[in-house]
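Engineer: Please find upload.pdb (PDB, C-alpha atoms, pLDDT in the B column) on the next line:
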```
ATOM      1  CA  MET A   1      16.996  35.768 109.813  1.00 61.00           C
ATOM      2  CA  HIS A   2      14.917  33.232 111.741  1.00 81.00           C
ATOM      3  CA  LEU A   3      12.349  33.023 108.941  1.00 80.00           C
ATOM      4  CA  LEU A   4      15.031  32.201 106.378  1.00 81.00           C
ATOM      5  CA  GLU A   5      16.559  29.631 108.689  1.00 83.00           C
ATOM      6  CA  ALA A   6      13.157  28.020 109.271  1.00 81.00           C
ATOM      7  CA  TRP A   7      12.574  27.601 105.529  1.00 82.00           C
ATOM      8  CA  THR A   8      16.069  26.277 104.826  1.00 83.00           C
ATOM      9  CA  THR A   9      15.841  23.620 107.539  1.00 87.00           C
ATOM     10  CA  LEU A  10      12.729  22.050 106.015  1.00 84.00           C
ATOM     11  CA  GLY A  11      13.141  18.773 104.206  1.00 86.00           C
ATOM     12  CA  PRO A  12      12.483  18.568 100.456  1.00 88.00           C
ATOM     13  CA  PHE A  13       9.094  16.857 100.843  1.00 86.00           C
ATOM     14  CA  HIS A  14       7.763  19.443 103.295  1.00 85.00           C
ATOM     15  CA  LEU A  15       9.137  22.290 101.212  1.00 85.00           C
ATOM     16  CA  ALA A  16       7.470  20.945  98.056  1.00 83.00           C
ATOM     17  CA  ARG A  17       4.222  20.341  99.954  1.00 83.00           C
ATOM     18  CA  LEU A  18       4.097  23.888 101.297  1.00 83.00           C
ATOM     19  CA  LEU A  19       5.174  25.626  98.079  1.00 84.00           C
ATOM     20  CA  SER A  20       3.116  23.600  95.580  1.00 83.00           C
ATOM     21  CA  LEU A  21      -0.092  25.546  96.225  1.00 85.00           C
ATOM     22  CA  PRO A  22       1.328  29.072  95.752  1.00 87.00           C
ATOM     23  CA  GLY A  23       3.449  27.861  92.842  1.00 88.00           C
ATOM     24  CA  ALA A  24       0.438  26.399  91.046  1.00 87.00           C
ATOM     25  CA  MET A  25      -1.547  29.579  91.623  1.00 87.00           C
ATOM     26  CA  LEU A  26       1.308  31.648  90.215  1.00 90.00           C
ATOM     27  CA  VAL A  27       1.566  29.460  87.115  1.00 87.00           C
ATOM     28  CA  ALA A  28      -2.201  29.545  86.524  1.00 87.00           C
ATOM     29  CA  THR A  29      -2.230  33.324  86.907  1.00 89.00           C
ATOM     30  CA  LEU A  30       0.741  34.231  84.730  1.00 90.00           C
ATOM     31  CA  LEU A  31       0.724  31.652  81.935  1.00 87.00           C
ATOM     32  CA  PRO A  32      -2.069  31.261  79.359  1.00 90.00           C
ATOM     33  CA  GLY A  33      -3.798  28.026  78.442  1.00 88.00           C
ATOM     34  CA  ARG A  34      -6.709  25.855  79.472  1.00 90.00           C
ATOM     35  CA  ARG A  35      -4.667  22.723  80.002  1.00 90.00           C
ATOM     36  CA  LEU A  36      -2.216  24.583  82.171  1.00 89.00           C
ATOM     37  CA  ALA A  37      -5.051  26.021  84.262  1.00 88.00           C
ATOM     38  CA  ARG A  38      -6.588  22.565  84.672  1.00 89.00           C
ATOM     39  CA  GLY A  39      -3.270  21.128  85.779  1.00 88.00           C
ATOM     40  CA  ALA A  40      -2.773  23.970  88.229  1.00 88.00           C
ATOM     41  CA  ALA A  41      -6.276  23.375  89.619  1.00 86.00           C
ATOM     42  CA  LEU A  42      -5.452  19.701  90.193  1.00 86.00           C
ATOM     43  CA  VAL A  43      -2.209  20.638  91.941  1.00 85.00           C
ATOM     44  CA  CYS A  44      -4.112  23.120  94.119  1.00 84.00           C
ATOM     45  CA  ALA A  45      -6.691  20.478  95.009  1.00 85.00           C
ATOM     46  CA  ALA A  46      -3.978  18.026  96.001  1.00 84.00           C
ATOM     47  CA  GLY A  47      -2.217  20.778  97.924  1.00 82.00           C
ATOM     48  CA  VAL A  48      -5.327  21.618  99.930  1.00 83.00           C
ATOM     49  CA  LEU A  49      -5.778  17.961 100.842  1.00 81.00           C
ATOM     50  CA  MET A  50      -2.185  17.654 102.056  1.00 80.00           C
ATOM     51  CA  LEU A  51      -2.083  20.843 104.135  1.00 80.00           C
ATOM     52  CA  ALA A  52      -2.846  19.834 107.686  1.00 77.00           C
ATOM     53  CA  GLU A  53      -1.732  23.330 108.732  1.00 78.00           C
ATOM     54  CA  LEU A  54      -5.131  24.698 107.681  1.00 75.00           C
ATOM     55  CA  ALA A  55      -6.462  23.575 111.088  1.00 79.00           C
ATOM     56  CA  VAL A  56      -9.713  22.195 109.697  1.00 82.00           C
ATOM     57  CA  PRO A  57     -10.872  18.567 109.801  1.00 86.00           C
ATOM     58  CA  TRP A  58      -9.965  16.279 106.908  1.00 83.00           C
ATOM     59  CA  TRP A  59     -13.601  15.982 105.800  1.00 87.00           C
ATOM     60  CA  VAL A  60     -13.863  19.770 105.346  1.00 84.00           C
ATOM     61  CA  ARG A  61     -10.693  19.804 103.216  1.00 82.00           C
ATOM     62  CA  THR A  62     -12.134  16.943 101.137  1.00 84.00           C
ATOM     63  CA  ALA A  63     -15.372  18.896 100.646  1.00 86.00           C
ATOM     64  CA  TRP A  64     -13.374  21.907  99.438  1.00 81.00           C
ATOM     65  CA  VAL A  65     -11.666  19.756  96.818  1.00 80.00           C
ATOM     66  CA  LEU A  66     -14.900  18.203  95.585  1.00 81.00           C
TER      67      LEU A  66
END
```
Could you express the structure from this file as structure tokens?
Structural biologist:
Amino acid sequence: MHLLEAWTTLGPFHLARLLSLPGAMLVATLLPGRRLARGAALVCAAGVLMLAELAVPWWVRTAWVL
């Protein structure tokens, strides 16, 4: 019950920031199309840059995106 409560108390920005990466991966995996895969890759790149929870320095996250 604590896990559900933790997710429901998040604000909309934090919830979107945390769920954008798995959502984009799910879309790229299940739906066909090159354009869709490119868009999902861009969302994943932006998601990696915005996740400070990865506990790596910002320059390492930037290198992963490039």
Engineer: Using only C-alpha atoms, pick whichever of A:Arg17, A:Leu4, A:Leu10, A:Ala37 has the shortest atom-to-atom distance to Leu51 of chain A.
Structural biologist: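 Of all the options, A:Arg17 lies closest to Leu51 of chain A.
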Engineer: Using all atoms listed in the file, determine which residues lie at most 12 Å from Arg61 of chain A, disregarding the query and same-chain residues fewer than 6 positions distant; provide the list as a ChimeraX atom specification.
Structural biologist: /A:44-55
Engineer: For atom CA of Leu30 of chain A and atom CA of Leu42 of chain A, determine how far apart the two atoms are, in Å to one decimal place.
Structural biologist: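 About the pair atom CA of Leu30 of chain A and atom CA of Leu42 of chain A: they are 16.7 Å apart.
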Engineer: Using all atoms listed in the file, which residues sit within 10 Å of Val27 of chain A once same-chain residues fewer than 5 positions away are excluded, as a list of chain:residue names?
Structural biologist: A:Pro22, A:Pro32, A:Leu36, A:Ala37, A:Gly39, A:Ala40
Engineer: If you keep C-alpha atoms, can you produce a file of those selected residues as a short mmCIF file (atom, residue, chain, number, x, y, z; two decimals), in the frame of the given file?
Structural biologist:
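Generated output (again23.cif):
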```cif
data_model
loop_
_atom_site.label_atom_id
_atom_site.label_comp_id
_atom_site.auth_asym_id
_atom_site.auth_seq_id
_atom_site.Cartn_x
_atom_site.Cartn_y
_atom_site.Cartn_z
CA PRO A 22 1.33 29.07 95.75
CA PRO A 32 -2.07 31.26 79.36
CA LEU A 36 -2.22 24.58 82.17
CA ALA A 37 -5.05 26.02 84.26
CA GLY A 39 -3.27 21.13 85.78
CA ALA A 40 -2.77 23.97 88.23
#
```
Engineer: One decimal, Å: what's the distance from atom CA of Ala63 of chain A over to atom CA of Leu21 of chain A, could you say?
Structural biologist: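 Going from atom CA of Ala63 of chain A over to atom CA of Leu21 of chain A covers 17.2 Å.
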Engineer: State, in Å with one decimal place, the distance from atom CA of Val43 of chain A to atom CA of Ser20 of chain A.
Structural biologist: 7.1 Å
